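Q: Got a structure for you, entry02.cif, holding mmCIF, N, CA, C and O atoms.
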```cif
data_protein
loop_
_atom_site.label_atom_id
_atom_site.label_comp_id
_atom_site.auth_asym_id
_atom_site.auth_seq_id
_atom_site.Cartn_x
_atom_site.Cartn_y
_atom_site.Cartn_z
N MET A 83 -10.63 174.04 203.21
CA MET A 83 -9.72 174.32 204.30
C MET A 83 -8.29 174.17 203.77
O MET A 83 -7.96 173.20 203.13
N GLU A 84 -7.44 175.12 204.06
CA GLU A 84 -6.05 175.09 203.63
C GLU A 84 -5.24 174.21 204.58
O GLU A 84 -5.65 173.96 205.72
N ILE A 85 -4.07 173.80 204.11
CA ILE A 85 -3.22 172.92 204.92
C ILE A 85 -2.82 173.61 206.22
O ILE A 85 -2.81 172.98 207.28
N ALA A 86 -2.53 174.88 206.16
CA ALA A 86 -2.13 175.61 207.38
C ALA A 86 -3.26 175.56 208.41
O ALA A 86 -3.01 175.40 209.61
N GLU A 87 -4.50 175.70 207.98
CA GLU A 87 -5.65 175.64 208.89
C GLU A 87 -5.81 174.23 209.47
O GLU A 87 -6.14 174.09 210.64
N ILE A 88 -5.55 173.22 208.63
CA ILE A 88 -5.65 171.83 209.11
C ILE A 88 -4.62 171.59 210.20
O ILE A 88 -4.92 171.01 211.24
N VAL A 89 -3.40 172.05 209.97
CA VAL A 89 -2.33 171.85 210.95
C VAL A 89 -2.65 172.58 212.25
O VAL A 89 -2.48 172.04 213.34
N LYS A 90 -3.14 173.81 212.14
CA LYS A 90 -3.49 174.59 213.34
C LYS A 90 -4.65 173.96 214.11
O LYS A 90 -4.68 174.00 215.33
N SER A 91 -5.58 173.38 213.38
CA SER A 91 -6.74 172.78 214.05
C SER A 91 -6.43 171.42 214.66
O SER A 91 -7.23 170.86 215.38
N LYS A 92 -5.24 170.88 214.37
CA LYS A 92 -4.78 169.60 214.89
C LYS A 92 -5.67 168.44 214.45
O LYS A 92 -5.79 167.44 215.14
N LEU A 93 -6.34 168.60 213.31
CA LEU A 93 -7.09 167.49 212.73
C LEU A 93 -6.10 166.50 212.12
O LEU A 93 -5.07 166.90 211.61
N PRO A 94 -6.40 165.24 212.19
CA PRO A 94 -5.48 164.28 211.60
C PRO A 94 -5.45 164.41 210.08
O PRO A 94 -6.49 164.48 209.43
N LEU A 95 -4.27 164.48 209.52
CA LEU A 95 -4.10 164.55 208.08
C LEU A 95 -4.04 163.13 207.55
O LEU A 95 -3.25 162.33 208.02
N ASP A 96 -4.88 162.81 206.57
CA ASP A 96 -4.95 161.43 206.13
C ASP A 96 -4.35 161.23 204.74
O ASP A 96 -3.38 160.53 204.58
N TRP A 97 -4.92 161.84 203.72
CA TRP A 97 -4.49 161.59 202.35
C TRP A 97 -3.35 162.53 201.96
O TRP A 97 -3.46 163.73 202.07
N VAL A 98 -2.23 161.92 201.53
CA VAL A 98 -1.06 162.70 201.12
C VAL A 98 -0.62 162.26 199.73
O VAL A 98 -0.98 161.18 199.26
N THR A 99 0.17 163.08 199.08
CA THR A 99 0.63 162.77 197.73
C THR A 99 1.71 161.69 197.77
O THR A 99 2.28 161.39 198.82
N LEU A 100 2.00 161.15 196.59
CA LEU A 100 3.00 160.10 196.47
C LEU A 100 4.37 160.52 197.01
O LEU A 100 4.96 159.80 197.81
N PRO A 101 4.90 161.70 196.63
CA PRO A 101 6.20 162.09 197.18
C PRO A 101 6.19 162.26 198.71
O PRO A 101 7.13 161.87 199.39
N GLN A 102 5.11 162.84 199.24
CA GLN A 102 5.01 163.01 200.69
C GLN A 102 4.97 161.66 201.39
O GLN A 102 5.63 161.45 202.41
N PHE A 103 4.20 160.74 200.84
CA PHE A 103 4.07 159.42 201.44
C PHE A 103 5.40 158.67 201.38
O PHE A 103 5.78 157.99 202.34
N GLY A 104 6.10 158.81 200.25
CA GLY A 104 7.41 158.18 200.11
C GLY A 104 8.38 158.65 201.18
O GLY A 104 9.13 157.86 201.75
N LYS A 105 8.36 159.96 201.46
CA LYS A 105 9.24 160.50 202.51
C LYS A 105 8.85 159.96 203.88
O LYS A 105 9.71 159.67 204.71
N LEU A 106 7.56 159.83 204.12
CA LEU A 106 7.09 159.38 205.43
C LEU A 106 7.46 157.92 205.71
O LEU A 106 7.82 157.59 206.84
N ILE A 107 7.34 157.05 204.70
CA ILE A 107 7.62 155.64 204.96
C ILE A 107 9.00 155.22 204.49
O ILE A 107 9.42 154.08 204.73
N GLY A 108 9.72 156.11 203.81
CA GLY A 108 11.10 155.83 203.42
C GLY A 108 11.27 155.01 202.16
O GLY A 108 12.21 154.25 202.05
N LEU A 109 10.35 155.14 201.22
CA LEU A 109 10.48 154.46 199.93
C LEU A 109 10.63 155.50 198.82
O LEU A 109 9.94 156.52 198.84
N PRO A 110 11.51 155.25 197.84
CA PRO A 110 11.63 156.18 196.73
C PRO A 110 10.38 156.16 195.84
O PRO A 110 9.63 155.18 195.82
N HIS A 111 10.14 157.25 195.09
CA HIS A 111 8.94 157.41 194.28
C HIS A 111 8.68 156.22 193.36
O HIS A 111 7.57 155.69 193.33
N GLY A 112 9.70 155.84 192.58
CA GLY A 112 9.52 154.77 191.59
C GLY A 112 9.11 153.46 192.22
O GLY A 112 8.20 152.77 191.75
N ARG A 113 9.76 153.11 193.30
CA ARG A 113 9.44 151.86 193.98
C ARG A 113 8.05 151.92 194.61
O ARG A 113 7.30 150.95 194.58
N LEU A 114 7.71 153.04 195.17
CA LEU A 114 6.40 153.22 195.78
C LEU A 114 5.30 153.15 194.73
O LEU A 114 4.26 152.52 194.94
N TYR A 115 5.54 153.75 193.57
CA TYR A 115 4.55 153.73 192.49
C TYR A 115 4.30 152.29 192.02
O TYR A 115 3.16 151.91 191.78
N MET A 116 5.36 151.50 191.91
CA MET A 116 5.20 150.11 191.47
C MET A 116 4.57 149.24 192.57
O MET A 116 3.79 148.33 192.28
N ALA A 117 4.90 149.52 193.81
CA ALA A 117 4.41 148.70 194.92
C ALA A 117 2.94 148.95 195.23
O ALA A 117 2.27 148.08 195.81
N LYS A 118 2.41 150.08 194.82
CA LYS A 118 1.02 150.42 195.17
C LYS A 118 0.02 149.41 194.66
O LYS A 118 -1.04 149.23 195.26
N ASP A 119 0.34 148.71 193.56
CA ASP A 119 -0.59 147.73 193.01
C ASP A 119 -0.78 146.52 193.92
O ASP A 119 -1.74 145.78 193.77
N LYS A 120 0.10 146.33 194.88
CA LYS A 120 -0.02 145.23 195.84
C LYS A 120 -0.94 145.59 197.00
O LYS A 120 -1.32 144.73 197.78
N TRP A 121 -1.26 146.87 197.11
CA TRP A 121 -2.07 147.35 198.22
C TRP A 121 -3.49 147.64 197.75
O TRP A 121 -3.70 148.01 196.59
N PRO A 122 -4.47 147.52 198.62
CA PRO A 122 -5.86 147.73 198.21
C PRO A 122 -6.15 149.18 197.80
O PRO A 122 -5.90 150.11 198.56
N GLU A 123 -6.66 149.31 196.59
CA GLU A 123 -7.02 150.64 196.08
C GLU A 123 -8.27 151.13 196.80
O GLU A 123 -9.20 150.37 197.04
N GLY A 124 -8.28 152.38 197.14
CA GLY A 124 -9.42 152.96 197.85
C GLY A 124 -9.21 152.96 199.36
O GLY A 124 -9.76 153.79 200.06
N GLU A 125 -8.43 152.00 199.87
CA GLU A 125 -8.13 151.95 201.30
C GLU A 125 -6.75 152.54 201.59
O GLU A 125 -6.59 153.35 202.48
N VAL A 126 -5.74 152.09 200.83
CA VAL A 126 -4.38 152.56 201.04
C VAL A 126 -4.04 153.67 200.05
O VAL A 126 -3.36 154.62 200.40
N TRP A 127 -4.49 153.56 198.83
CA TRP A 127 -4.19 154.57 197.81
C TRP A 127 -5.38 154.77 196.89
O TRP A 127 -6.25 153.91 196.79
N LYS A 128 -5.39 155.92 196.23
CA LYS A 128 -6.42 156.18 195.22
C LYS A 128 -5.89 157.20 194.22
O LYS A 128 -4.96 157.94 194.50
N ARG A 129 -6.51 157.20 193.05
CA ARG A 129 -6.13 158.14 192.00
C ARG A 129 -7.25 159.17 191.87
O ARG A 129 -8.41 158.82 191.66
N VAL A 130 -6.88 160.45 192.00
CA VAL A 130 -7.83 161.55 191.88
C VAL A 130 -7.23 162.56 190.91
O VAL A 130 -6.11 163.05 191.14
N ASP A 131 -7.97 162.86 189.83
CA ASP A 131 -7.51 163.81 188.82
C ASP A 131 -6.09 163.46 188.32
O ASP A 131 -5.22 164.32 188.24
N ASN A 132 -5.89 162.19 188.07
CA ASN A 132 -4.62 161.67 187.54
C ASN A 132 -3.44 161.86 188.51
O ASN A 132 -2.30 161.85 188.11
N LYS A 133 -3.73 162.06 189.79
CA LYS A 133 -2.71 162.14 190.84
C LYS A 133 -2.96 161.00 191.81
O LYS A 133 -4.11 160.64 192.07
N ILE A 134 -1.90 160.45 192.36
CA ILE A 134 -2.03 159.34 193.31
C ILE A 134 -1.88 159.89 194.72
O ILE A 134 -0.94 160.62 195.03
N TYR A 135 -2.81 159.48 195.59
CA TYR A 135 -2.80 159.87 196.99
C TYR A 135 -2.79 158.61 197.85
O TYR A 135 -3.39 157.60 197.50
N PHE A 136 -2.12 158.71 198.98
CA PHE A 136 -2.04 157.59 199.93
C PHE A 136 -2.67 158.00 201.24
O PHE A 136 -2.49 159.11 201.71
N SER A 137 -3.39 157.06 201.84
CA SER A 137 -4.02 157.29 203.13
C SER A 137 -3.11 156.78 204.24
O SER A 137 -2.76 155.60 204.29
N LEU A 138 -2.74 157.67 205.13
CA LEU A 138 -1.90 157.28 206.26
C LEU A 138 -2.65 156.32 207.18
O LEU A 138 -2.10 155.32 207.64
N GLN A 139 -3.91 156.62 207.41
CA GLN A 139 -4.74 155.77 208.27
C GLN A 139 -4.94 154.40 207.60
O GLN A 139 -4.81 153.36 208.24
N GLY A 140 -5.24 154.41 206.31
CA GLY A 140 -5.42 153.15 205.57
C GLY A 140 -4.16 152.32 205.56
O GLY A 140 -4.19 151.10 205.71
N TRP A 141 -3.01 152.99 205.38
CA TRP A 141 -1.72 152.31 205.39
C TRP A 141 -1.45 151.65 206.74
O TRP A 141 -1.06 150.49 206.83
N ASN A 142 -1.69 152.42 207.82
CA ASN A 142 -1.45 151.88 209.17
C ASN A 142 -2.35 150.69 209.46
O ASN A 142 -1.91 149.69 210.02
N GLU A 143 -3.62 150.78 209.08
CA GLU A 143 -4.55 149.67 209.31
C GLU A 143 -4.15 148.45 208.49
O GLU A 143 -4.15 147.33 209.00
N TRP A 144 -3.79 148.67 207.23
CA TRP A 144 -3.41 147.56 206.36
C TRP A 144 -2.14 146.89 206.87
O TRP A 144 -2.03 145.67 206.90
N MET A 145 -1.15 147.71 207.28
CA MET A 145 0.10 147.15 207.79
C MET A 145 -0.12 146.39 209.09
O MET A 145 0.47 145.34 209.30
N SER A 146 -0.99 146.90 209.95
CA SER A 146 -1.30 146.19 211.20
C SER A 146 -1.93 144.84 210.89
O SER A 146 -1.60 143.83 211.50
N GLN A 147 -2.86 144.84 209.95
CA GLN A 147 -3.52 143.61 209.55
C GLN A 147 -2.51 142.63 208.96
O GLN A 147 -2.57 141.42 209.25
N GLN A 148 -1.58 143.12 208.15
CA GLN A 148 -0.56 142.26 207.56
C GLN A 148 0.34 141.68 208.65
O GLN A 148 0.74 140.52 208.58
N GLY A 149 0.66 142.48 209.65
CA GLY A 149 1.48 142.00 210.75
C GLY A 149 0.81 140.89 211.52
O GLY A 149 1.41 139.88 211.85
N ILE A 150 -0.49 141.05 211.77
CA ILE A 150 -1.25 140.01 212.46
C ILE A 150 -1.32 138.76 211.61
O ILE A 150 -1.13 137.65 212.09
N GLN A 151 -1.56 138.94 210.32
CA GLN A 151 -1.64 137.82 209.39
C GLN A 151 -0.31 137.07 209.33
O GLN A 151 -0.27 135.85 209.37
N LYS A 152 0.79 137.79 209.25
CA LYS A 152 2.12 137.17 209.21
C LYS A 152 2.39 136.43 210.51
O LYS A 152 2.97 135.34 210.50
N ALA A 153 2.00 137.01 211.64
CA ALA A 153 2.21 136.35 212.92
C ALA A 153 1.42 135.04 212.99
O ALA A 153 1.93 134.03 213.48
N LEU A 154 0.19 135.05 212.49
CA LEU A 154 -0.62 133.84 212.48
C LEU A 154 -0.02 132.78 211.56
O LEU A 154 0.01 131.59 211.89
N GLU A 155 0.48 133.21 210.40
CA GLU A 155 1.13 132.27 209.48
C GLU A 155 2.39 131.68 210.11
O GLU A 155 2.64 130.49 210.00
N TYR A 156 3.16 132.51 210.80
CA TYR A 156 4.38 132.05 211.46
C TYR A 156 4.03 131.05 212.56
O TYR A 156 4.67 130.02 212.69
N GLU A 157 3.00 131.36 213.32
CA GLU A 157 2.57 130.48 214.41
C GLU A 157 2.11 129.14 213.87
O GLU A 157 2.45 128.09 214.42
N ALA A 158 1.37 129.15 212.77
CA ALA A 158 0.89 127.91 212.16
C ALA A 158 2.06 127.08 211.63
O ALA A 158 2.10 125.86 211.81
N ALA A 159 3.02 127.74 211.00
CA ALA A 159 4.19 127.03 210.47
C ALA A 159 5.02 126.43 211.61
O ALA A 159 5.48 125.29 211.51
N ALA A 160 5.20 127.19 212.67
CA ALA A 160 5.97 126.70 213.82
C ALA A 160 5.26 125.52 214.47
O ALA A 160 5.89 124.52 214.83
N SER A 161 3.95 125.61 214.60
CA SER A 161 3.17 124.52 215.18
C SER A 161 3.28 123.25 214.34
O SER A 161 3.42 122.15 214.86
N LYS A 162 3.25 123.43 213.03
CA LYS A 162 3.36 122.29 212.12
C LYS A 162 4.74 121.63 212.26
O LYS A 162 4.84 120.41 212.31
N LEU A 163 5.79 122.44 212.33
CA LEU A 163 7.14 121.90 212.49
C LEU A 163 7.29 121.14 213.81
O LEU A 163 7.90 120.08 213.86
N ILE A 164 6.71 121.69 214.86
CA ILE A 164 6.80 121.05 216.17
C ILE A 164 6.07 119.71 216.15
O ILE A 164 6.58 118.71 216.63
N SER A 165 4.87 119.67 215.57
CA SER A 165 4.12 118.42 215.52
C SER A 165 4.82 117.38 214.66
O SER A 165 4.85 116.20 214.99
N GLN A 166 5.43 117.81 213.54
CA GLN A 166 6.18 116.87 212.70
C GLN A 166 7.38 116.33 213.46
O GLN A 166 7.69 115.14 213.37
N SER A 167 8.03 117.18 214.22
CA SER A 167 9.19 116.76 215.00
C SER A 167 8.77 115.75 216.06
O SER A 167 9.45 114.75 216.28
N ARG A 168 7.64 115.99 216.71
CA ARG A 168 7.15 115.06 217.74
C ARG A 168 6.77 113.73 217.13
O ARG A 168 7.04 112.68 217.71
N GLU A 169 6.12 113.76 215.96
CA GLU A 169 5.76 112.51 215.29
C GLU A 169 7.00 111.72 214.92
O GLU A 169 7.06 110.51 215.08
N LYS A 170 8.00 112.40 214.43
CA LYS A 170 9.25 111.75 214.04
C LYS A 170 9.92 111.13 215.26
O LYS A 170 10.38 110.00 215.23
N ASP A 171 9.97 111.92 216.36
CA ASP A 171 10.59 111.40 217.59
C ASP A 171 9.80 110.23 218.15
O ASP A 171 10.37 109.27 218.64
N ALA A 172 8.48 110.30 218.09
CA ALA A 172 7.65 109.22 218.62
C ALA A 172 7.87 107.93 217.84
O ALA A 172 7.89 106.83 218.39
N GLY A 173 8.05 108.01 216.55
CA GLY A 173 8.27 106.83 215.72
C GLY A 173 9.64 106.23 215.91
O GLY A 173 9.81 105.03 215.79
N THR A 174 10.63 107.01 216.27
CA THR A 174 11.99 106.49 216.39
C THR A 174 12.34 106.09 217.82
O THR A 174 13.25 105.32 218.01
N LEU A 175 11.61 106.56 218.80
CA LEU A 175 11.93 106.21 220.17
C LEU A 175 11.77 104.72 220.44
O LEU A 175 12.60 104.11 221.08
N SER A 176 10.70 104.14 219.96
CA SER A 176 10.46 102.75 220.25
C SER A 176 11.42 101.84 219.51
O SER A 176 11.76 100.76 219.98
N SER A 177 11.88 102.24 218.35
CA SER A 177 12.77 101.38 217.58
C SER A 177 14.24 101.68 217.84
O SER A 177 15.10 101.02 217.31
N ARG A 178 14.48 102.64 218.65
CA ARG A 178 15.86 103.01 218.92
C ARG A 178 16.50 101.97 219.83
O ARG A 178 15.96 101.60 220.86
N THR A 179 17.62 101.47 219.42
CA THR A 179 18.34 100.51 220.25
C THR A 179 19.62 101.15 220.73
O THR A 179 20.16 102.05 220.09
N ARG A 180 20.07 100.64 221.82
CA ARG A 180 21.28 101.18 222.38
C ARG A 180 22.47 100.66 221.59
O ARG A 180 22.55 99.48 221.27
N ARG A 181 23.33 101.53 221.29
CA ARG A 181 24.51 101.15 220.54
C ARG A 181 25.49 100.42 221.45
O ARG A 181 25.77 100.86 222.55
N ARG A 182 25.95 99.30 220.95
CA ARG A 182 26.92 98.56 221.74
C ARG A 182 28.25 99.27 221.74
O ARG A 182 28.67 99.81 220.72
N GLN A 183 28.86 99.24 222.86
CA GLN A 183 30.18 99.83 222.94
C GLN A 183 31.18 98.84 222.38
O GLN A 183 31.07 97.63 222.61
N ARG A 184 32.08 99.35 221.68
CA ARG A 184 33.11 98.49 221.10
C ARG A 184 34.05 98.05 222.23
O ARG A 184 34.54 98.87 222.99
N THR A 185 34.25 96.78 222.31
CA THR A 185 35.16 96.28 223.34
C THR A 185 36.37 95.68 222.67
O THR A 185 36.26 94.95 221.69
N LEU A 186 37.48 96.01 223.19
CA LEU A 186 38.73 95.48 222.67
C LEU A 186 39.04 94.16 223.37
O LEU A 186 38.70 93.98 224.54
N PRO A 187 39.63 93.26 222.64
CA PRO A 187 39.99 92.00 223.31
C PRO A 187 40.99 92.26 224.44
O PRO A 187 41.83 93.16 224.34
N LYS A 188 40.85 91.48 225.49
CA LYS A 188 41.73 91.66 226.63
C LYS A 188 43.13 91.21 226.25
O LYS A 188 43.31 90.20 225.58
N ARG A 189 44.08 91.94 226.71
CA ARG A 189 45.47 91.54 226.50
C ARG A 189 45.87 90.60 227.62
O ARG A 189 45.66 90.90 228.78
N GLU A 190 46.39 89.56 227.20
CA GLU A 190 46.86 88.61 228.22
C GLU A 190 48.34 88.87 228.43
O GLU A 190 49.09 89.10 227.49
N ASN A 191 48.71 88.87 229.61
CA ASN A 191 50.11 89.05 229.94
C ASN A 191 50.79 87.69 230.00
O ASN A 191 50.44 86.83 230.81
N TYR A 192 51.72 87.47 229.16
CA TYR A 192 52.47 86.23 229.15
C TYR A 192 53.86 86.52 229.72
O TYR A 192 54.49 87.51 229.35
N GLU A 193 54.25 85.66 230.57
CA GLU A 193 55.59 85.81 231.13
C GLU A 193 56.54 84.90 230.39
O GLU A 193 56.22 83.75 230.08
N LEU A 194 57.67 85.39 230.12
CA LEU A 194 58.68 84.60 229.46
C LEU A 194 59.46 83.81 230.51
O LEU A 194 59.91 84.34 231.48
N VAL A 195 59.58 82.55 230.29
CA VAL A 195 60.28 81.72 231.26
C VAL A 195 61.57 81.20 230.66
O VAL A 195 61.78 80.94 229.56
#
```
What does the file become when written as structure tokens?
A:
Amino acid sequence: MEIAEIVKSKLPLDWVTLPQFGKLIGLPHGRLYMAKDKWPEGEVWKRVDNKIYFSLQGWNEWMSQQGIQKALEYEAAASKLISQSREKDAGTLSSRTRRRQRTLPKRENYELV
């Protein structure tokens, strides 16, 4: 099936070349080529006949999963910070004493006779 037929049939286009994928996600070729090793081969990208292709569907699924993973990591970190803060506050509340206010000696008024 030719690309024109795919577009007319409104079938979802999945695997695209490196330059096409770079244009779609806004990364230059060189950076995209180096970054591909961080992504799962076969799901996000693959090499066929010495050409690199990227899966739009695989990219979207992987990015969604990364977003969920990052959100969970952020939530865990925030929860840890909150619990540490509560532990710190709990330990200092009981030992906290009220600061005495500095009092100045009273001035006595002496009358000259």
Q: So that I can see what lies close to region 112-116 of chain A, please list as a PDB file with N, CA, C and O atoms, in the frame of the given file the residues with an atom at most 8 Å from it, counting only N, CA, C and O atoms and leaving out residues fewer than 4 positions away in the same chain.
A:
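Contents of out30.pdb, freshly written:
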```pdb
ATOM      1  N   LEU A 100       2.000 161.150 196.590  1.00  0.00           N
ATOM      2  CA  LEU A 100       3.000 160.100 196.470  1.00  0.00           C
ATOM      3  C   LEU A 100       4.370 160.520 197.010  1.00  0.00           C
ATOM      4  O   LEU A 100       4.960 159.800 197.810  1.00  0.00           O
ATOM      5  N   PHE A 103       4.200 160.740 200.840  1.00  0.00           N
ATOM      6  CA  PHE A 103       4.070 159.420 201.440  1.00  0.00           C
ATOM      7  C   PHE A 103       5.400 158.670 201.380  1.00  0.00           C
ATOM      8  O   PHE A 103       5.780 157.990 202.340  1.00  0.00           O
ATOM      9  N   GLY A 104       6.100 158.810 200.250  1.00  0.00           N
ATOM     10  CA  GLY A 104       7.410 158.180 200.110  1.00  0.00           C
ATOM     11  C   GLY A 104       8.380 158.650 201.180  1.00  0.00           C
ATOM     12  O   GLY A 104       9.130 157.860 201.750  1.00  0.00           O
ATOM     13  N   LYS A 120       0.100 146.330 194.880  1.00  0.00           N
ATOM     14  CA  LYS A 120      -0.020 145.230 195.840  1.00  0.00           C
ATOM     15  C   LYS A 120      -0.940 145.590 197.000  1.00  0.00           C
ATOM     16  O   LYS A 120      -1.320 144.730 197.780  1.00  0.00           O
ATOM     17  N   TRP A 121      -1.260 146.870 197.110  1.00  0.00           N
ATOM     18  CA  TRP A 121      -2.070 147.350 198.220  1.00  0.00           C
ATOM     19  C   TRP A 121      -3.490 147.640 197.750  1.00  0.00           C
ATOM     20  O   TRP A 121      -3.700 148.010 196.590  1.00  0.00           O
TER      21      TRP A 121
END
```
Q: Using atom C of Ala159 (chain A) and atom O of Gln147 (chain A) as the two end points, give the distance in Å to one decimal.
A: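 Between these atoms lies a distance of 17.0 Å.
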Q: Using all atoms listed in the file, determine which residues lie at most 8 Å from region 127-131 of chain A, disregarding the query and same-chain residues fewer than 6 positions distant; provide the list as a count of residues only.
A: 8
Q: Could you give me, as a list in words, each residue of region 113-151 of chain A that DSSP assigns to strand (DSSP E) when run on this structure's backbone?
A: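 Checking each residue of region 113-151 of chain A, the strand (DSSP E) ones are Trp127, Lys128, Arg129, Val130, Lys133, Ile134, Tyr135, Phe136 and Ser137 of chain A.
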Q: Ranking A:Gln183, A:Ser161, A:Asn142, A:Asn191 by minimum distance to Glu125 (chain A) and counting only C-alpha atoms, which one comes first?
A: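 Looking at the shortest contact to Glu125 (chain A), the residue is A:Asn142.
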Q: By how many Å are atom C of Ala160 (chain A) and CA of Trp144 (chain A) apart?
A: 25.0 Å
Q: Could you tell me how far atom N of Tyr135 (chain A) lies from atom O of Lys152 (chain A), in Å and to one decimal?
A: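 These two atoms are separated by 29.0 Å.
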Q: Report the residues of region 85-167 of chain A whose backbone DSSP state falls under helix (DSSP H, G or I), written as an MDAnalysis selection string.
A: chainID A and resid 85:91 100:107 111:120 138:167
